[in-house]
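Here's the structure we're looking at; comments come further down.
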Number of protein chains: 4
Amino acid sequence: MSGNSFGEIFRLTTFGESHGPALGVIVDGVPAGIRIDETLIQRDLDRRRPGQSKVSTMRKERDRVEILSGVFEGVSTGTSLAMLIRNTDQRSQDYSKIATLFRPGHADLGFTRKYGIRDYRGGGRSSGRETAARVAAGAVAKMVLKEFGVTVRACAVMIGGVYAETIDWNEVEKNIVRSPDASAAERMIDAIRRAQADRDSVGGHILCEALGVPAGWGEPVFDKLDALLAHAVMSIGGIKGVEIGDGFDASLLRGSGNNDPILPDGFASNHAGGVLGGISNGDVIRLRAAMKPTSSIARRQTTINTDGKPAEIEVLGRHDPCLVPRAVPVVEAMTALVLADLALRNRCARI
Amino acid sequence: MSGNSFGEIFRLTTFGESHGPALGVIVDGVPAGIRIDETLIQRDLDRRRPGQSKVSTMRKERDRVEILSGVFEGVSTGTSLAMLIRNTDQRSQDYSKIATLFRPGHADLGFTRKYGIRDYRGGGRSSGRETAARVAAGAVAKMVLKEFGVTVRACAVMIGGVYAETIDWNEVEKNIVRSPDASAAERMIDAIRRAQADRDSVGGHILCEALGVPAGWGEPVFDKLDALLAHAVMSIGGIKGVEIGDGFDASLLRGSGNNDPILPDGFASNHAGGVLGGISNGDVIRLRAAMKPTSSIARRQTTINTDGKPAEIEVLGRHDPCLVPRAVPVVEAMTALVLADLALRNRCARI
Amino acid sequence: MSGNSFGEIFRLTTFGESHGPALGVIVDGVPAGIRIDETLIQRDLDRRRPGQSKVSTMRKERDRVEILSGVFEGVSTGTSLAMLIRNTDQRSQDYSKIATLFRPGHADLGFTRKYGIRDYRGGGRSSGRETAARVAAGAVAKMVLKEFGVTVRACAVMIGGVYAETIDWNEVEKNIVRSPDASAAERMIDAIRRAQADRDSVGGHILCEALGVPAGWGEPVFDKLDALLAHAVMSIGGIKGVEIGDGFDASLLRGSGNNDPILPDGFASNHAGGVLGGISNGDVIRLRAAMKPTSSIARRQTTINTDGKPAEIEVLGRHDPCLVPRAVPVVEAMTALVLADLALRNRCARI
Amino acid sequence: MSGNSFGEIFRLTTFGESHGPALGVIVDGVPAGIRIDETLIQRDLDRRRPGQSKVSTMRKERDRVEILSGVFEGVSTGTSLAMLIRNTDQRSQDYSKIATLFRPGHADLGFTRKYGIRDYRGGGRSSGRETAARVAAGAVAKMVLKEFGVTVRACAVMIGGVYAETIDWNEVEKNIVRSPDASAAERMIDAIRRAQADRDSVGGHILCEALGVPAGWGEPVFDKLDALLAHAVMSIGGIKGVEIGDGFDASLLRGSGNNDPILPDGFASNHAGGVLGGISNGDVIRLRAAMKPTSSIARRQTTINTDGKPAEIEVLGRHDPCLVPRAVPVVEAMTALVLADLALRNRCARI
């Protein structure tokens with residue numbers, strides 16, 4: 001109801017502000033009997049954490065996860081699984097000077113209008129820091145999906161106007177922007193650095209795939225697989241568009257060109273991105289998300305203060321000039337969360 | 001859980017197959033005291049119904065709505081509001097010849113794998129006919145939104161490769177494709193007819209706006225306004241992509257170009273589409289959806305039968321060569337449903 | 001959210017007022033592949049319907065059910081299953097004379113304060129007539145439970161101070177009060193008739209059992225099996241108390257007397273009513289519900305009118321002097337709905 | 001879905017096992033702008049905690065609460081409010097000797113059948129220790145209710161067969177059994193001690209009242225106020241029965257005796273316990289709950305081991321011979337949680 005939960009059977013509920021004592025998540029609906037590997041959770045958190053590379057913020061939050069419940073002798077017990085991440089590198093004083101200003105591109109104004117009160121330290125609940133909880137839960141979702149033979153992967157296919165020209169999944173974790181094209185990666189890094197030098201920022205596109213999803217996942221009408229993926233991915237801060245399969249390009253094709261011919265062992269093409277009528281069709285699930293350029297920039301911008309008076313603002317702090325590389329594991333997490341939930345929901349489709 | 005419901009406080013649950021006796025919807029959470037105007041419900045149903053123009057299917061379902069509960073002397077009572085639409089022009093025999101074939105681009109394969117059983121008559125539950133229930137509920141949502149001073153409108157901004165070059169909202173209901181550009185409308189109609197002549201189909205883009213939404217609607221983290229809009233719109237059959245504001249284009253801008261400067265009386269631009277951090281910012285809400293070309297085409301296509309053997313199929317029946325004009329009121333309805341729900345949810349944001 | 005739905009996976013949503021055109025229910029989450037026997041639904045509706053015996057109201061609503069969706073060739077398809085019951089014997093004029101009076105023992109006052117508007121015809125949504133929708137859905141739940149080997153049964157063990165002294169389940173449907181003790185049945189009928197002669201009413205107790213429930217159903221903490229049963233049964237109009245197993249009597253025992261010894265093939269006793277720690281233990285599930293005497297009585301009673309002024313009221317209409325016999329199938333239905341939901345929820349307990 | 005959450009708008013989700021590192025709760029839907037007084041949360045936790053008196057277990061868990069989010073400068077922000085309680089006095093070795101035995105009266109058997117795995121240390125998730133999270137959340141609910149002018153209170157009206165003969169609310173916190181009758185309190189303590197001397201246990205009855213609830217709270221049909229109270233209270237471990245108002249006794253009255261006459265300034269009596277048709281009527285809300293005697297007793301009992309073989313068990317550990325006094329704040333908490341949720345839900349009843 002208040003937007004802190006996601007999923008029906010496999011369901012997470014998160015808490016925490018960027019500058020409070022901690023953030024965390026309760027993952028509910030983890031079936032009993034799954035081996036919970038804490039190192040895999042930590043690995044995904046490390047892929048998301050700030051300060052991991054030269055194009056990332058210098059804020060160095062370790063994001064050490066502690067499992068508080070739901071696991072006994074390394075195996076899930078079927079009860080709610082809580083994880084805690086303490087905030088360690090908070091510098092609230094950085095924000096005091098902009099406490100009465102609304103930052104352009106941020107939720108500040110909306111939160112203030114909504115609640116009549118706002119934790120101005122780093123965005124509080126609206127900070128991208130909340131995605132750490134998603135990533136921790138997503139790592140558990142991946143362990144559930146592994147039992148179904150499903151894997152999820154993502155990469156940055158465009159950053160600052162530079163597009164990946166090839167998709168080599170083995171390249172992704174070898175470069176700091178998570179590009180599937182090593183040569184494009186260099187140019188992406190350049191684009192980020194040029195923006196940074198200009199006290200500016202860039203955005204990009206993330207491609208995400210799920211392999212091994214059998215035909216039949218997704219619920220008709222409102223909880224279609226693609227609808228839930230769109231919900232999940234669009235709920236990540238900064239995402240402004242989501243496509244399934246060919247997406248917007250599909251609308252320029254004719255039906256005869258867009259329909260994927262059905263063969264005895266699969267499909268002759270995958271314009272659909274593995275989803276037909278909202279139900280997985282057995283092919284690779286494929287989506288693309290558009291992330292806007294980072295809103296926090298050190299340039300002088302026009303804004304108002306909390307009294308509604310005109311003002312100027314420079315958002316100094318320690319901000320990523322491009323959030324796309326760190327958003328890659330977040331998109332993976334959200335995709336895994338949707339699929340783990342639908343895998344379990346599908347258990348009740350038939351008697 | 002099974003995907004037939006949408007919304008939290010203002011919540012609809014739908015039922016009905018294309019070739020069963022009826023379809024309908026229970027709208028729950030309609031506040032007491034709202035004047036329910038049945039003619040407005042019927043008007044939106046008429047905008048969605050088949051056979052309304054020469055570019056639409058010849059199937060002539062009247063889609064007459066009957067209100068069964070929740071209204072007393074023309075005013076909502078606060079109890080669940082049910083609406084019924086009888087199916088009248090069913091020709092199940094049209095489908096008997098393809099009962100054992102999976103139609104490319106359709107949910108047939110997924111439904112069969114999921115349930116082990118399938119109502120093959122016109123897609124059954126996966127038929128676009130279920131959107132009539134959405135439109136009826138959406139009309140009620142519009143009545144709720146009217147109390148908050150909010151209106152919703154949509155139009156077709158691209159069909160078959162032809163783009164609207166101007167947005168004149170007064171034009172939309174004057175042409176049969178619901179284009180906001182009268183001149184483009186003619187070329188869109190041409191594109192549809194050419195596709196039809198080729199036993200083929202085309203897709204398009206729908207633009208939707210909500211006017212009058214105050215700052216503060218949307219729930220942080222998972223139920224962001226844009227995330228729910230993406231969910232809602234992507235759940236419409238045939239939609240393959242959703243953008244908020246500048247969407248994919250925003251990811252090519254720099255932060256300084258994409259951030260909307262904040263002025264005392266609003267924003268200097270609206271790249272954001274009226275949503276920041278998932279919360280409405282007081283500006284016009286704006287989204288765009290991409291619809292694929294109609295999957296049901298009379299051309300010969302490659303497929304398999306229910307035994308998994310190769311086959312060919314021609315989907316004859318009575319199908320729209322382009323569903324975009326009829327999808328316009330459906331996108332409006334889904335947008336209105338999200339907003340009505342968030343308007344009510346927002347009542348609990350503060351003590 | 002608005003109280004018209006119940007259940008998580010197997011979930012019903014109901015609509016309808018006593019004097020509107022119809023009432024009905026959408027049953028969501030019915031697994032595909034279950035044979036739906038309409039005659040069993042009708043049989044349970046007949047057990048609930050008014051006018052079925054000389055101790056029941058003379059109102060003769062036929063309560064004919066029509067299935068609108070979710071069933072294809074007699075088998076559930078996995079999609080939402082809607083059922084409609086038209087209201088046929090409405091006499092709204094009966095209520096016009098009490099339209100401005102609040103009936104003691106009824107929801108009139110609360111509804112008016114809540115909604116600011118009230119359908120005064122027969123209680124509108126608060127009428128016991130809404131239980132027809134529960135019974136129809138409950139009949140479908142019983143068909144689901146049959147697949148798990150579970151049956152549900154109920155009877156009236158006390159009416160008007162007369163207690164059943166034996167429990168013979170074969171007797172229950174042979175007498176008009178649904179007593180499991182034929183001799184007590186006669187005295188129960190007498191008690192009802194004496195109350196009726198005095199323009200008064202009586203209440204009673206209902207016993208309900210579920211046979212065949214395996215150990216392991218129920219969700220820890222908040223959705224314990226007994227908690228959901230209490231919710232379900234207490235939600236029936238007129239029910240004022242619910243006990244599981246020995247209930248209130250258990251609180252007078254010592255632990256050594258109340259704990260059921262565990263044997264290799266079951267338990268040596270069943271004080272617990274088949275539920276331990278909120279989870280079924282494999283023994284018979286047993287609950288008891290207390291129903292108050294009918295609130296609608298023809299005696300003169302003290303009340304106020306809608307202006308808050310003192311008044312007197314005689315609720316004439318056609319009312320049952322005892323609702324317990326007709327509530328028996330309703331308690332069965334609610335119990336079956338809880339169990340069908342938990343049976344499906346339990347499918348996700350383990351990987 | 002997995003039973004770890006309760007409530008719709010004001011919603012808690014709990015986690016934690018008795019012998020894991022910590023337990024806690026996320027409280028979602030706390031409106032912004034409420035002063036959060038940590039000392040009141042701690043006070044209720046102290047009323048629930050073990051080792052608080054000579055009739056309570058010697059286990060001395062301090063139950064120190066830490067607020068992790070949702071509060072800024074002492075005031076709720078509208079975002080999810082998480083609270084953590086570390087476990088400090090765990091002695092898992094106490095349980096190793098009964099790790100392979102099912103304790104009579106406990107959830108052991110059901111959990112094992114359900115999940116195929118069980119944390120045998122002190123009951124794990126099924127331990128009464130989880131109620132600490134409810135009490136912490138309930139204290140926050142009381143702060144919300146204070147804004148509506150509502151207070152909740154409870155006491156022990158029967159223990160071990162000894163009934164309170166008077167209700168003096170000022171007495172309740174003055175004696176260690178929380179009896180509203182000082183003289184009965186002495187005899188209740190005696191009853192507990194005698195049971196303890198016999199290596200046995202006793203149960204009792206808890207009365208709970210809510211004052212100041214206006215007419216109109218509760219949702220028709222399935223989420224009636226009394227149905228939710230029954231759900232909430234029955235979900236507490238050891239509760240086997242719940243009554244609203246006169247409860248089971250009401251079913252022995254005639255309608256003329258049970259209906260509460262309506263006067264211009266309220267009701268002439270309160271048989272109904274403040275609830276009519278599931279909606280509050282403005283009178284005092286009153287319920288009674290029956291708690292069974294503690295299942296963990298040191299007497300030798302008949303059971304089976306995890307291989308299904310006959311065995312004997314003595315549950316030694318440190319267990320309360322009567323849990324009723326410590327359950328009093330838990331019943332208060334659950335009642336407060338229901339009311340806080342319904343207070344907020346009621347905000348959407350009218351436009």
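Labeling convention for the structure tokens: chains A, B, ... as they appear, residues from 1 per chain, ligands from 1 in order of appearance.
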
| field | Close residues, range 29-45 of chain C itself excluded, 7 Å, only C-alpha atoms, min 2 positions apart in chain, as number ranges by chain | value | A: 348-351; B: 2, 115; C: 9-11, 27, 47-49, 63, 65, 74-78, 80, 132, 135-136, 139, 144, 329

Among range 57-174 of chain C, which residues does DSSP mark as alpha helix (DSSP H) when it is run on the backbone? Keep the chain and numbering as in the structure and answer as a tab-separated table (two decimals) with N, CA, C and O atoms, in the first residue's frame.
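Saved the output as selection.tsv:
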```tsv
chain	number	residue	atom	x	y	z
C	93	GLN	N	-40.82	-1.89	-1.06
C	93	GLN	CA	-41.81	-1.09	-0.34
C	93	GLN	C	-41.88	-1.50	1.13
C	93	GLN	O	-42.21	-0.69	1.99
C	94	ASP	N	-41.55	-2.75	1.44
C	94	ASP	CA	-41.55	-3.19	2.82
C	94	ASP	C	-40.66	-2.31	3.68
C	94	ASP	O	-40.85	-2.21	4.88
C	95	TYR	N	-39.66	-1.73	3.07
C	95	TYR	CA	-38.67	-1.02	3.86
C	95	TYR	C	-38.88	0.49	3.91
C	95	TYR	O	-38.27	1.18	4.69
C	96	SER	N	-39.76	0.98	3.03
C	96	SER	CA	-39.89	2.44	2.94
C	96	SER	C	-40.30	3.04	4.28
C	96	SER	O	-39.85	4.12	4.64
C	108	ASP	N	-27.10	-0.42	10.30
C	108	ASP	CA	-27.63	0.82	9.71
C	108	ASP	C	-26.86	2.06	10.16
C	108	ASP	O	-26.46	2.89	9.35
C	109	LEU	N	-26.70	2.18	11.46
C	109	LEU	CA	-26.06	3.36	12.02
C	109	LEU	C	-24.61	3.47	11.53
C	109	LEU	O	-24.16	4.52	11.08
C	110	GLY	N	-23.89	2.36	11.64
C	110	GLY	CA	-22.48	2.36	11.23
C	110	GLY	C	-22.30	2.69	9.75
C	110	GLY	O	-21.44	3.47	9.37
C	111	PHE	N	-23.14	2.08	8.90
C	111	PHE	CA	-23.05	2.37	7.45
C	111	PHE	C	-23.32	3.85	7.18
C	111	PHE	O	-22.62	4.48	6.37
C	112	THR	N	-24.31	4.40	7.84
C	112	THR	CA	-24.65	5.81	7.59
C	112	THR	C	-23.52	6.72	8.02
C	112	THR	O	-23.16	7.67	7.33
C	113	ARG	N	-22.94	6.42	9.18
C	113	ARG	CA	-21.82	7.23	9.65
C	113	ARG	C	-20.61	7.07	8.74
C	113	ARG	O	-19.84	7.99	8.54
C	114	LYS	N	-20.44	5.89	8.22
C	114	LYS	CA	-19.27	5.60	7.40
C	114	LYS	C	-19.36	6.25	6.03
C	114	LYS	O	-18.43	6.92	5.60
C	115	TYR	N	-20.46	6.02	5.36
C	115	TYR	CA	-20.56	6.40	3.95
C	115	TYR	C	-21.34	7.70	3.72
C	115	TYR	O	-21.29	8.27	2.63
C	131	THR	N	-24.48	-13.55	1.70
C	131	THR	CA	-23.85	-14.85	1.94
C	131	THR	C	-24.12	-15.85	0.82
C	131	THR	O	-23.45	-16.87	0.72
C	132	ALA	N	-25.12	-15.56	-0.03
C	132	ALA	CA	-25.34	-16.45	-1.19
C	132	ALA	C	-24.08	-16.51	-2.04
C	132	ALA	O	-23.69	-17.59	-2.53
C	133	ALA	N	-23.41	-15.37	-2.21
C	133	ALA	CA	-22.18	-15.34	-3.01
C	133	ALA	C	-21.09	-16.18	-2.35
C	133	ALA	O	-20.32	-16.88	-3.02
C	134	ARG	N	-21.03	-16.13	-1.02
C	134	ARG	CA	-20.04	-16.94	-0.30
C	134	ARG	C	-20.30	-18.43	-0.51
C	134	ARG	O	-19.37	-19.22	-0.67
C	135	VAL	N	-21.59	-18.78	-0.45
C	135	VAL	CA	-21.93	-20.20	-0.56
C	135	VAL	C	-21.60	-20.72	-1.96
C	135	VAL	O	-21.07	-21.83	-2.12
C	136	ALA	N	-21.88	-19.90	-2.98
C	136	ALA	CA	-21.55	-20.32	-4.35
C	136	ALA	C	-20.04	-20.53	-4.48
C	136	ALA	O	-19.58	-21.54	-5.02
C	137	ALA	N	-19.26	-19.57	-3.96
C	137	ALA	CA	-17.80	-19.70	-4.03
C	137	ALA	C	-17.32	-20.87	-3.18
C	137	ALA	O	-16.39	-21.59	-3.56
C	138	GLY	N	-17.96	-21.04	-2.03
C	138	GLY	CA	-17.58	-22.14	-1.15
C	138	GLY	C	-17.79	-23.50	-1.81
C	138	GLY	O	-17.02	-24.44	-1.59
C	139	ALA	N	-18.82	-23.60	-2.62
C	139	ALA	CA	-19.08	-24.86	-3.33
C	139	ALA	C	-17.93	-25.16	-4.30
C	139	ALA	O	-17.52	-26.32	-4.46
C	140	VAL	N	-17.40	-24.11	-4.92
C	140	VAL	CA	-16.24	-24.31	-5.81
C	140	VAL	C	-15.02	-24.70	-4.97
C	140	VAL	O	-14.25	-25.58	-5.34
C	141	ALA	N	-14.87	-24.06	-3.81
C	141	ALA	CA	-13.76	-24.41	-2.92
C	141	ALA	C	-13.83	-25.89	-2.53
C	141	ALA	O	-12.80	-26.58	-2.46
C	142	LYS	N	-15.03	-26.37	-2.28
C	142	LYS	CA	-15.17	-27.80	-1.93
C	142	LYS	C	-14.71	-28.70	-3.07
C	142	LYS	O	-14.16	-29.78	-2.84
C	143	MET	N	-14.94	-28.26	-4.31
C	143	MET	CA	-14.47	-29.06	-5.46
C	143	MET	C	-12.95	-29.08	-5.52
C	143	MET	O	-12.35	-30.08	-5.90
C	144	VAL	N	-12.33	-27.97	-5.17
C	144	VAL	CA	-10.86	-27.92	-5.11
C	144	VAL	C	-10.38	-28.85	-3.99
C	144	VAL	O	-9.47	-29.66	-4.18
C	145	LEU	N	-11.03	-28.75	-2.84
C	145	LEU	CA	-10.60	-29.55	-1.68
C	145	LEU	C	-10.75	-31.04	-1.93
C	145	LEU	O	-9.98	-31.85	-1.42
C	146	LYS	N	-11.77	-31.38	-2.71
C	146	LYS	CA	-11.98	-32.80	-3.03
C	146	LYS	C	-10.73	-33.39	-3.67
C	146	LYS	O	-10.39	-34.56	-3.45
C	147	GLU	N	-10.03	-32.58	-4.45
C	147	GLU	CA	-8.80	-33.05	-5.10
C	147	GLU	C	-7.70	-33.34	-4.08
C	147	GLU	O	-6.76	-34.07	-4.35
```

| query | Could you pull the residues within 8 Å of Gly24 in chain B, counting only C-alpha atoms, minus those fewer than 5 positions along the same chain, as a PyMOL selection string? | reply | chain B and resi 14-16+82-85+132-133

| message | Give me the residues near Val202 in chain C as an MDAnalysis selection string, where near means some atom within 8 Å (using only C-alpha atoms) and where sequence neighbours in that chain fewer than 5 positions away do not count. | response | (chainID C and resid 159:160 191:192 195 292:294 321:322) or (chainID D and resid 251:255)

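Note that the spacing between CA of Val330 in chain B and CA of Ile236 in chain B amounts to 7.7 Å.
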
Just the residues within 10 Å of Ser18 in chain D, please, counting only C-alpha atoms, with nothing from its chain fewer than 6 positions along; format it as a PDB file with N, CA, C and O atoms, in the first residue's frame.
```
ATOM      1  N   SER A  69      17.540 -13.755   9.901  1.00  0.00           N
ATOM      2  CA  SER A  69      16.502 -14.764  10.136  1.00  0.00           C
ATOM      3  C   SER A  69      16.260 -15.572   8.879  1.00  0.00           C
ATOM      4  O   SER A  69      16.741 -15.218   7.804  1.00  0.00           O
TER       5      SER A  69
ATOM      6  N   ASN D  87      18.531 -10.695  19.928  1.00  0.00           N
ATOM      7  CA  ASN D  87      18.395 -11.772  20.914  1.00  0.00           C
ATOM      8  C   ASN D  87      19.682 -11.828  21.718  1.00  0.00           C
ATOM      9  O   ASN D  87      20.774 -11.805  21.159  1.00  0.00           O
ATOM     10  N   ASP D  89      19.829 -13.617  25.246  1.00  0.00           N
ATOM     11  CA  ASP D  89      19.958 -14.690  26.235  1.00  0.00           C
ATOM     12  C   ASP D  89      19.517 -16.020  25.652  1.00  0.00           C
ATOM     13  O   ASP D  89      18.582 -16.658  26.107  1.00  0.00           O
ATOM     14  N   GLN D  90      20.198 -16.426  24.566  1.00  0.00           N
ATOM     15  CA  GLN D  90      19.844 -17.687  23.932  1.00  0.00           C
ATOM     16  C   GLN D  90      20.671 -18.815  24.543  1.00  0.00           C
ATOM     17  O   GLN D  90      21.860 -18.679  24.724  1.00  0.00           O
ATOM     18  N   SER D  92      20.857 -22.292  23.191  1.00  0.00           N
ATOM     19  CA  SER D  92      20.401 -23.315  22.254  1.00  0.00           C
ATOM     20  C   SER D  92      20.644 -24.721  22.779  1.00  0.00           C
ATOM     21  O   SER D  92      19.917 -25.653  22.477  1.00  0.00           O
ATOM     22  N   ASP D 119      13.892 -25.347  12.520  1.00  0.00           N
ATOM     23  CA  ASP D 119      14.842 -24.806  13.485  1.00  0.00           C
ATOM     24  C   ASP D 119      14.287 -25.195  14.852  1.00  0.00           C
ATOM     25  O   ASP D 119      13.331 -24.617  15.336  1.00  0.00           O
ATOM     26  N   TYR D 120      14.889 -26.220  15.447  1.00  0.00           N
ATOM     27  CA  TYR D 120      14.314 -26.802  16.668  1.00  0.00           C
ATOM     28  C   TYR D 120      14.665 -26.011  17.913  1.00  0.00           C
ATOM     29  O   TYR D 120      14.214 -26.330  19.009  1.00  0.00           O
ATOM     30  N   ARG D 121      15.480 -24.992  17.775  1.00  0.00           N
ATOM     31  CA  ARG D 121      15.930 -24.252  18.954  1.00  0.00           C
ATOM     32  C   ARG D 121      14.809 -23.343  19.482  1.00  0.00           C
ATOM     33  O   ARG D 121      14.584 -22.256  18.982  1.00  0.00           O
ATOM     34  N   GLY D 122      14.103 -23.825  20.466  1.00  0.00           N
ATOM     35  CA  GLY D 122      13.087 -22.989  21.110  1.00  0.00           C
ATOM     36  C   GLY D 122      11.886 -22.700  20.246  1.00  0.00           C
ATOM     37  O   GLY D 122      11.167 -21.741  20.472  1.00  0.00           O
ATOM     38  N   GLY D 123      11.668 -23.523  19.264  1.00  0.00           N
ATOM     39  CA  GLY D 123      10.498 -23.314  18.425  1.00  0.00           C
ATOM     40  C   GLY D 123      10.801 -22.499  17.187  1.00  0.00           C
ATOM     41  O   GLY D 123      10.005 -22.437  16.263  1.00  0.00           O
ATOM     42  N   GLY D 124      11.969 -21.871  17.160  1.00  0.00           N
ATOM     43  CA  GLY D 124      12.324 -21.091  15.982  1.00  0.00           C
ATOM     44  C   GLY D 124      11.294 -20.019  15.734  1.00  0.00           C
ATOM     45  O   GLY D 124      10.984 -19.231  16.612  1.00  0.00           O
ATOM     46  N   ARG D 125      10.749 -20.013  14.539  1.00  0.00           N
ATOM     47  CA  ARG D 125       9.785 -18.991  14.163  1.00  0.00           C
ATOM     48  C   ARG D 125       8.465 -19.156  14.911  1.00  0.00           C
ATOM     49  O   ARG D 125       7.718 -18.187  15.067  1.00  0.00           O
ATOM     50  N   SER D 126       8.149 -20.380  15.358  1.00  0.00           N
ATOM     51  CA  SER D 126       6.865 -20.599  16.024  1.00  0.00           C
ATOM     52  C   SER D 126       6.918 -20.233  17.505  1.00  0.00           C
ATOM     53  O   SER D 126       5.923 -20.344  18.218  1.00  0.00           O
ATOM     54  N   SER D 127       8.048 -19.780  17.955  1.00  0.00           N
ATOM     55  CA  SER D 127       8.182 -19.382  19.357  1.00  0.00           C
ATOM     56  C   SER D 127       7.339 -18.156  19.668  1.00  0.00           C
ATOM     57  O   SER D 127       7.173 -17.265  18.832  1.00  0.00           O
ATOM     58  N   GLY D 128       6.841 -18.106  20.892  1.00  0.00           N
ATOM     59  CA  GLY D 128       6.094 -16.929  21.331  1.00  0.00           C
ATOM     60  C   GLY D 128       6.948 -15.677  21.330  1.00  0.00           C
ATOM     61  O   GLY D 128       6.429 -14.564  21.418  1.00  0.00           O
ATOM     62  N   ARG D 129       8.239 -15.863  21.201  1.00  0.00           N
ATOM     63  CA  ARG D 129       9.135 -14.714  21.175  1.00  0.00           C
ATOM     64  C   ARG D 129       8.825 -13.761  20.024  1.00  0.00           C
ATOM     65  O   ARG D 129       9.103 -12.569  20.100  1.00  0.00           O
ATOM     66  N   GLU D 130       8.222 -14.269  18.943  1.00  0.00           N
ATOM     67  CA  GLU D 130       7.894 -13.396  17.807  1.00  0.00           C
ATOM     68  C   GLU D 130       6.900 -12.312  18.209  1.00  0.00           C
ATOM     69  O   GLU D 130       6.772 -11.297  17.512  1.00  0.00           O
TER      70      GLU D 130
END
```

| note | chain B proximity check over A:Asp168, A:Glu8, A:Glu209, A:Asp190, using only C-alpha atoms: winner is A:Glu8

| message | What does the structure give for the distance between CA of Ser295 in chain B and CA of Pro104 in chain B, in Å to one decimal? | response | 6.9 Å

| request: Run DSSP on the backbone and grab whatever in range 94-281 of chain D lands in strand (DSSP E or B); send it over as a VMD selection string. | output: chain D and resid 101 151 to 159 162 to 163 202 204 to 211 239 to 244 254 262 to 263 266 to 267 275 to 276 279 to 280

| field | Exercise: range 309-314 of chain D partners within 7 Å, only C-alpha atoms, chain neighbours under 2 positions left out, as a ChimeraX atom specification | value | /C:263-264 /D:297-305,307,316

Kindly save the residues from that selection, with N, CA and C atoms included, as a CSV table (one decimal), in the first residue's frame.
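Now in again_19.csv:
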```csv
chain,number,residue,atom,x,y,z
C,263,LEU,N,0.9,-39.9,19.1
C,263,LEU,CA,1.2,-41.4,18.9
C,263,LEU,C,1.7,-41.6,17.5
C,264,PRO,N,2.3,-42.7,17.2
C,264,PRO,CA,2.8,-42.9,15.8
C,264,PRO,C,1.8,-42.8,14.7
D,297,ILE,N,5.7,-28.1,29.4
D,297,ILE,CA,5.6,-28.5,30.8
D,297,ILE,C,6.7,-29.6,31.0
D,298,ALA,N,7.1,-29.5,32.3
D,298,ALA,CA,8.3,-30.4,32.6
D,298,ALA,C,7.8,-31.9,32.9
D,299,ARG,N,6.5,-32.1,32.9
D,299,ARG,CA,6.0,-33.4,33.1
D,299,ARG,C,6.4,-34.3,32.0
D,300,ARG,N,6.4,-35.6,32.3
D,300,ARG,CA,6.7,-36.6,31.2
D,300,ARG,C,5.5,-36.7,30.3
D,301,GLN,N,5.6,-36.6,29.0
D,301,GLN,CA,4.5,-36.7,28.1
D,301,GLN,C,4.8,-37.7,27.0
D,302,THR,N,3.8,-38.2,26.4
D,302,THR,CA,3.9,-39.2,25.3
D,302,THR,C,4.0,-38.5,24.0
D,303,THR,N,5.0,-38.9,23.2
D,303,THR,CA,5.1,-38.3,21.9
D,303,THR,C,5.8,-39.2,20.9
D,304,ILE,N,6.3,-38.7,19.8
D,304,ILE,CA,7.0,-39.5,18.8
D,304,ILE,C,8.3,-38.7,18.5
D,305,ASN,N,9.3,-39.4,17.9
D,305,ASN,CA,10.4,-38.7,17.5
D,305,ASN,C,10.3,-38.4,16.0
D,307,ASP,N,11.5,-39.7,13.6
D,307,ASP,CA,11.4,-40.9,12.8
D,307,ASP,C,10.0,-41.6,12.9
D,316,LEU,N,12.0,-29.3,29.6
D,316,LEU,CA,12.6,-28.6,30.7
D,316,LEU,C,12.7,-27.1,30.5
```

| note | In Å and to one decimal, CA of His19 in chain A is distant from CA of Leu337 in chain A by 25.9 Å
